[in-house]
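Asker: Input structure: protein.cif, which contains mmCIF, N, CA and C atoms.
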data_query
#
loop_
_atom_site.label_atom_id
_atom_site.label_comp_id
_atom_site.auth_asym_id
_atom_site.auth_seq_id
_atom_site.Cartn_x
_atom_site.Cartn_y
_atom_site.Cartn_z
N MET A 1 322.75 147.86 90.69
CA MET A 1 323.57 148.89 91.29
C MET A 1 322.67 150.07 91.64
N GLU A 2 322.91 150.64 92.81
CA GLU A 2 322.08 151.74 93.28
C GLU A 2 322.93 152.91 93.76
N PHE A 3 322.33 154.08 93.71
CA PHE A 3 322.94 155.30 94.24
C PHE A 3 321.85 156.03 95.00
N LEU A 4 322.05 156.26 96.28
CA LEU A 4 321.06 156.89 97.16
C LEU A 4 319.74 156.12 97.17
N GLY A 5 319.82 154.81 97.08
CA GLY A 5 318.64 153.98 97.12
C GLY A 5 317.84 153.91 95.84
N VAL A 6 318.37 154.52 94.78
CA VAL A 6 317.68 154.53 93.49
C VAL A 6 318.59 153.84 92.47
N SER A 7 318.00 152.98 91.65
CA SER A 7 318.82 152.25 90.68
C SER A 7 319.40 153.20 89.63
N ILE A 8 320.53 152.81 89.07
CA ILE A 8 321.18 153.61 88.03
C ILE A 8 320.25 153.78 86.83
N THR A 9 319.48 152.74 86.52
CA THR A 9 318.53 152.82 85.41
C THR A 9 317.53 153.94 85.65
N GLU A 10 317.01 154.04 86.87
CA GLU A 10 316.06 155.11 87.18
C GLU A 10 316.72 156.48 87.09
N TRP A 11 317.98 156.58 87.54
CA TRP A 11 318.69 157.86 87.45
C TRP A 11 318.81 158.31 86.00
N VAL A 12 319.11 157.37 85.10
CA VAL A 12 319.19 157.72 83.68
C VAL A 12 317.83 158.20 83.19
N GLY A 13 316.77 157.55 83.61
CA GLY A 13 315.42 157.98 83.25
C GLY A 13 315.10 159.37 83.76
N TYR A 14 315.48 159.66 85.01
CA TYR A 14 315.27 160.99 85.57
C TYR A 14 316.09 162.05 84.83
N LEU A 15 317.32 161.71 84.49
CA LEU A 15 318.17 162.64 83.73
C LEU A 15 317.54 162.94 82.37
N ALA A 16 317.04 161.91 81.71
CA ALA A 16 316.38 162.10 80.42
C ALA A 16 315.16 163.00 80.56
N MET A 17 314.36 162.76 81.59
CA MET A 17 313.15 163.54 81.82
C MET A 17 313.47 165.01 82.08
N VAL A 18 314.45 165.27 82.94
CA VAL A 18 314.81 166.66 83.26
C VAL A 18 315.38 167.35 82.02
N THR A 19 316.22 166.67 81.27
CA THR A 19 316.79 167.26 80.06
C THR A 19 315.69 167.58 79.05
N LEU A 20 314.72 166.70 78.92
CA LEU A 20 313.59 166.94 78.02
C LEU A 20 312.80 168.16 78.46
N LEU A 21 312.52 168.27 79.74
CA LEU A 21 311.78 169.43 80.25
C LEU A 21 312.55 170.73 80.01
N VAL A 22 313.83 170.70 80.24
CA VAL A 22 314.66 171.89 80.01
C VAL A 22 314.64 172.28 78.54
N SER A 23 314.66 171.30 77.66
CA SER A 23 314.68 171.61 76.22
C SER A 23 313.44 172.39 75.81
N PHE A 24 312.31 172.10 76.42
CA PHE A 24 311.08 172.80 76.05
C PHE A 24 310.96 174.19 76.65
N MET A 25 311.92 174.59 77.47
CA MET A 25 311.95 175.95 77.99
C MET A 25 312.76 176.89 77.10
N MET A 26 313.40 176.35 76.06
CA MET A 26 314.22 177.15 75.18
C MET A 26 313.35 177.97 74.23
N LYS A 27 313.71 179.23 74.04
CA LYS A 27 313.02 180.08 73.07
C LYS A 27 313.63 179.92 71.69
N ASN A 28 314.92 179.65 71.64
CA ASN A 28 315.64 179.47 70.39
C ASN A 28 315.44 178.03 69.92
N ILE A 29 314.90 177.86 68.72
CA ILE A 29 314.58 176.53 68.21
C ILE A 29 315.83 175.67 68.04
N LYS A 30 316.96 176.29 67.67
CA LYS A 30 318.19 175.51 67.51
C LYS A 30 318.64 174.93 68.85
N LYS A 31 318.61 175.74 69.91
CA LYS A 31 318.97 175.25 71.24
C LYS A 31 318.00 174.16 71.69
N LEU A 32 316.72 174.37 71.40
CA LEU A 32 315.71 173.38 71.76
C LEU A 32 316.04 172.04 71.12
N ARG A 33 316.35 172.04 69.82
CA ARG A 33 316.64 170.79 69.11
C ARG A 33 317.91 170.12 69.63
N ILE A 34 318.92 170.91 69.97
CA ILE A 34 320.17 170.34 70.48
C ILE A 34 319.95 169.68 71.84
N ILE A 35 319.32 170.41 72.75
CA ILE A 35 319.09 169.87 74.09
C ILE A 35 318.12 168.70 74.03
N ASN A 36 317.09 168.81 73.18
CA ASN A 36 316.13 167.73 73.01
C ASN A 36 316.81 166.48 72.48
N SER A 37 317.80 166.64 71.61
CA SER A 37 318.53 165.48 71.09
C SER A 37 319.29 164.77 72.20
N PHE A 38 319.88 165.54 73.12
CA PHE A 38 320.54 164.92 74.26
C PHE A 38 319.54 164.16 75.12
N ALA A 39 318.38 164.77 75.36
CA ALA A 39 317.34 164.09 76.14
C ALA A 39 316.93 162.78 75.48
N CYS A 40 316.75 162.82 74.17
CA CYS A 40 316.36 161.61 73.44
C CYS A 40 317.46 160.55 73.51
N ALA A 41 318.72 160.99 73.45
CA ALA A 41 319.83 160.04 73.57
C ALA A 41 319.80 159.37 74.94
N PHE A 42 319.52 160.16 75.99
CA PHE A 42 319.40 159.56 77.33
C PHE A 42 318.24 158.58 77.38
N PHE A 43 317.13 158.90 76.69
CA PHE A 43 316.00 157.99 76.66
C PHE A 43 316.33 156.71 75.89
N VAL A 44 317.13 156.80 74.85
CA VAL A 44 317.56 155.60 74.13
C VAL A 44 318.39 154.71 75.05
N ILE A 45 319.31 155.31 75.77
CA ILE A 45 320.12 154.56 76.73
C ILE A 45 319.21 153.92 77.79
N TYR A 46 318.27 154.71 78.29
CA TYR A 46 317.31 154.22 79.28
C TYR A 46 316.52 153.04 78.72
N GLY A 47 316.10 153.13 77.47
CA GLY A 47 315.37 152.04 76.83
C GLY A 47 316.16 150.74 76.79
N PHE A 48 317.45 150.85 76.51
CA PHE A 48 318.30 149.65 76.53
C PHE A 48 318.52 149.13 77.95
N MET A 49 318.59 150.03 78.91
CA MET A 49 318.78 149.62 80.30
C MET A 49 317.53 148.92 80.86
N LEU A 50 316.39 149.18 80.27
CA LEU A 50 315.14 148.55 80.71
C LEU A 50 314.92 147.21 80.02
N ALA A 51 315.97 146.50 79.78
CA ALA A 51 315.91 145.20 79.09
C ALA A 51 315.32 145.37 77.69
N THR A 52 315.79 146.37 77.00
CA THR A 52 315.46 146.67 75.62
C THR A 52 313.97 146.93 75.42
N SER A 53 313.58 148.16 75.72
CA SER A 53 312.21 148.62 75.51
C SER A 53 312.15 149.31 74.15
N TRP A 54 311.77 148.56 73.13
CA TRP A 54 311.82 149.06 71.75
C TRP A 54 310.97 150.30 71.49
N PRO A 55 309.78 150.45 72.08
CA PRO A 55 309.03 151.68 71.82
C PRO A 55 309.77 152.94 72.27
N ILE A 56 310.46 152.87 73.40
CA ILE A 56 311.24 154.01 73.88
C ILE A 56 312.43 154.25 72.97
N ILE A 57 313.11 153.20 72.57
CA ILE A 57 314.31 153.31 71.74
C ILE A 57 313.95 153.84 70.36
N ILE A 58 312.96 153.25 69.71
CA ILE A 58 312.62 153.64 68.34
C ILE A 58 312.09 155.07 68.27
N SER A 59 311.18 155.43 69.18
CA SER A 59 310.61 156.77 69.12
C SER A 59 311.66 157.85 69.36
N ASN A 60 312.52 157.64 70.34
CA ASN A 60 313.52 158.66 70.64
C ASN A 60 314.65 158.70 69.63
N ALA A 61 315.03 157.56 69.08
CA ALA A 61 316.03 157.55 68.00
C ALA A 61 315.48 158.28 66.78
N SER A 62 314.20 158.12 66.52
CA SER A 62 313.56 158.82 65.39
C SER A 62 313.56 160.32 65.62
N ILE A 63 313.27 160.75 66.83
CA ILE A 63 313.28 162.18 67.14
C ILE A 63 314.69 162.75 66.99
N ILE A 64 315.70 162.00 67.40
CA ILE A 64 317.08 162.46 67.19
C ILE A 64 317.33 162.66 65.70
N GLY A 65 316.91 161.71 64.89
CA GLY A 65 317.08 161.83 63.44
C GLY A 65 316.38 163.06 62.89
N ILE A 66 315.18 163.33 63.34
CA ILE A 66 314.43 164.51 62.89
C ILE A 66 315.15 165.78 63.32
N ASN A 67 315.61 165.82 64.57
CA ASN A 67 316.34 167.00 65.04
C ASN A 67 317.61 167.23 64.23
N LEU A 68 318.35 166.17 63.96
CA LEU A 68 319.58 166.31 63.17
C LEU A 68 319.28 166.78 61.76
N TYR A 69 318.18 166.30 61.18
CA TYR A 69 317.79 166.74 59.84
C TYR A 69 317.57 168.25 59.83
N TYR A 70 316.80 168.75 60.79
CA TYR A 70 316.51 170.18 60.82
C TYR A 70 317.70 171.02 61.25
N LEU A 71 318.62 170.44 62.01
CA LEU A 71 319.81 171.20 62.42
C LEU A 71 320.85 171.29 61.32
N PHE A 72 321.01 170.22 60.53
CA PHE A 72 322.13 170.19 59.59
C PHE A 72 321.74 170.12 58.11
N VAL A 73 320.61 169.55 57.79
CA VAL A 73 320.22 169.42 56.39
C VAL A 73 319.33 170.58 55.95
N LYS A 74 318.27 170.78 56.66
CA LYS A 74 317.31 171.84 56.31
C LYS A 74 317.53 173.03 57.21
N LYS A 75 318.50 173.82 56.87
CA LYS A 75 318.79 175.03 57.65
C LYS A 75 317.90 176.16 57.15
N ASN A 76 317.45 177.00 58.08
CA ASN A 76 316.58 178.13 57.68
C ASN A 76 317.40 179.25 57.11
#
Would you put the structure from the file into structure tokens?
Answerer:
Amino acid sequence: MEFLGVSITEWVGYLAMVTLLVSFMMKNIKKLRIINSFACAFFVIYGFMLATSWPIIISNASIIGINLYYLFVKKN
């Protein structure tokens, strides 16, 4: 399936990339972790759409876990 000549899988990858870049522009660490978690979730979805690319899935799922730990368990 394509949209504007680009596959849906690629669009998810681009969305993940843009969200990741936006997360690193945040000055507030809490906002950074929240937006970065969304970017990582998009990358996990992208990893599954790429016929299950485990390095992408495992690394980004791990980063989500780390972000959640610092957001909810280890509060400053």
Asker: Residue by residue, what does the PyMOL selection byres ((chain A and resi 60) around 8) grab here? Present the result as JSON, numbers by chain.
Answerer: {"A": [37, 39, 40, 41, 43, 44, 54, 55, 56, 57, 58, 59, 61, 62, 63, 64, 65, 66]}
Asker: Would you work out the distance separating CA of Tyr70 (chain A) from atom C of Lys31 (chain A), expressed in Å to one decimal?
Answerer: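 According to the coordinates, CA of Tyr70 (chain A) and atom C of Lys31 (chain A) are separated by 11.7 Å.
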Asker: Separation of CA of Lys30 (chain A) and atom N of Ile45 (chain A), in Å?
Answerer: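 Interatomic distance, CA of Lys30 (chain A) to atom N of Ile45 (chain A): 21.9 Å.
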Asker: To one decimal place in Å, what is the distance between atom C of Val12 (chain A) and atom C of Phe48 (chain A)?
Answerer: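 Separating atom C of Val12 (chain A) from atom C of Phe48 (chain A) is a distance of 10.5 Å.
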Asker: Run DSSP on the backbone and give me the residues of chain A it puts in strand (DSSP E), as a list of chain:residue names.
Answerer: A:Glu2, A:Phe3, A:Val6, A:Ser7
Asker: Nearest residue to Tyr14 (chain A) out of A:Thr52, A:Tyr69, A:Lys75, A:Tyr46, using only C-alpha atoms?
Answerer: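 Among the listed residues, A:Tyr46 lies closest to Tyr14 (chain A).
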Asker: Could you give me the residues within chain A that DSSP places in alpha helix (DSSP H), as JSON, numbers by chain?
Answerer: {"A": [8, 9, 10, 11, 12, 13, 14, 15, 16, 17, 18, 19, 20, 21, 22, 23, 29, 30, 31, 32, 33, 34, 35, 36, 37, 38, 39, 40, 41, 42, 43, 44, 45, 46, 47, 48, 49, 54, 55, 56, 57, 58, 59, 60, 61, 62, 63, 64, 65, 66, 67, 68]}
Asker: If you apply the PyMOL selection byres (((chain A and resi 35 and name CA) around 12) and name CA) to this file, what residues do you get, as an NGL selection string?
Answerer: :A and (16-34 or 36-42 or 63-64 or 67-68 or 71)
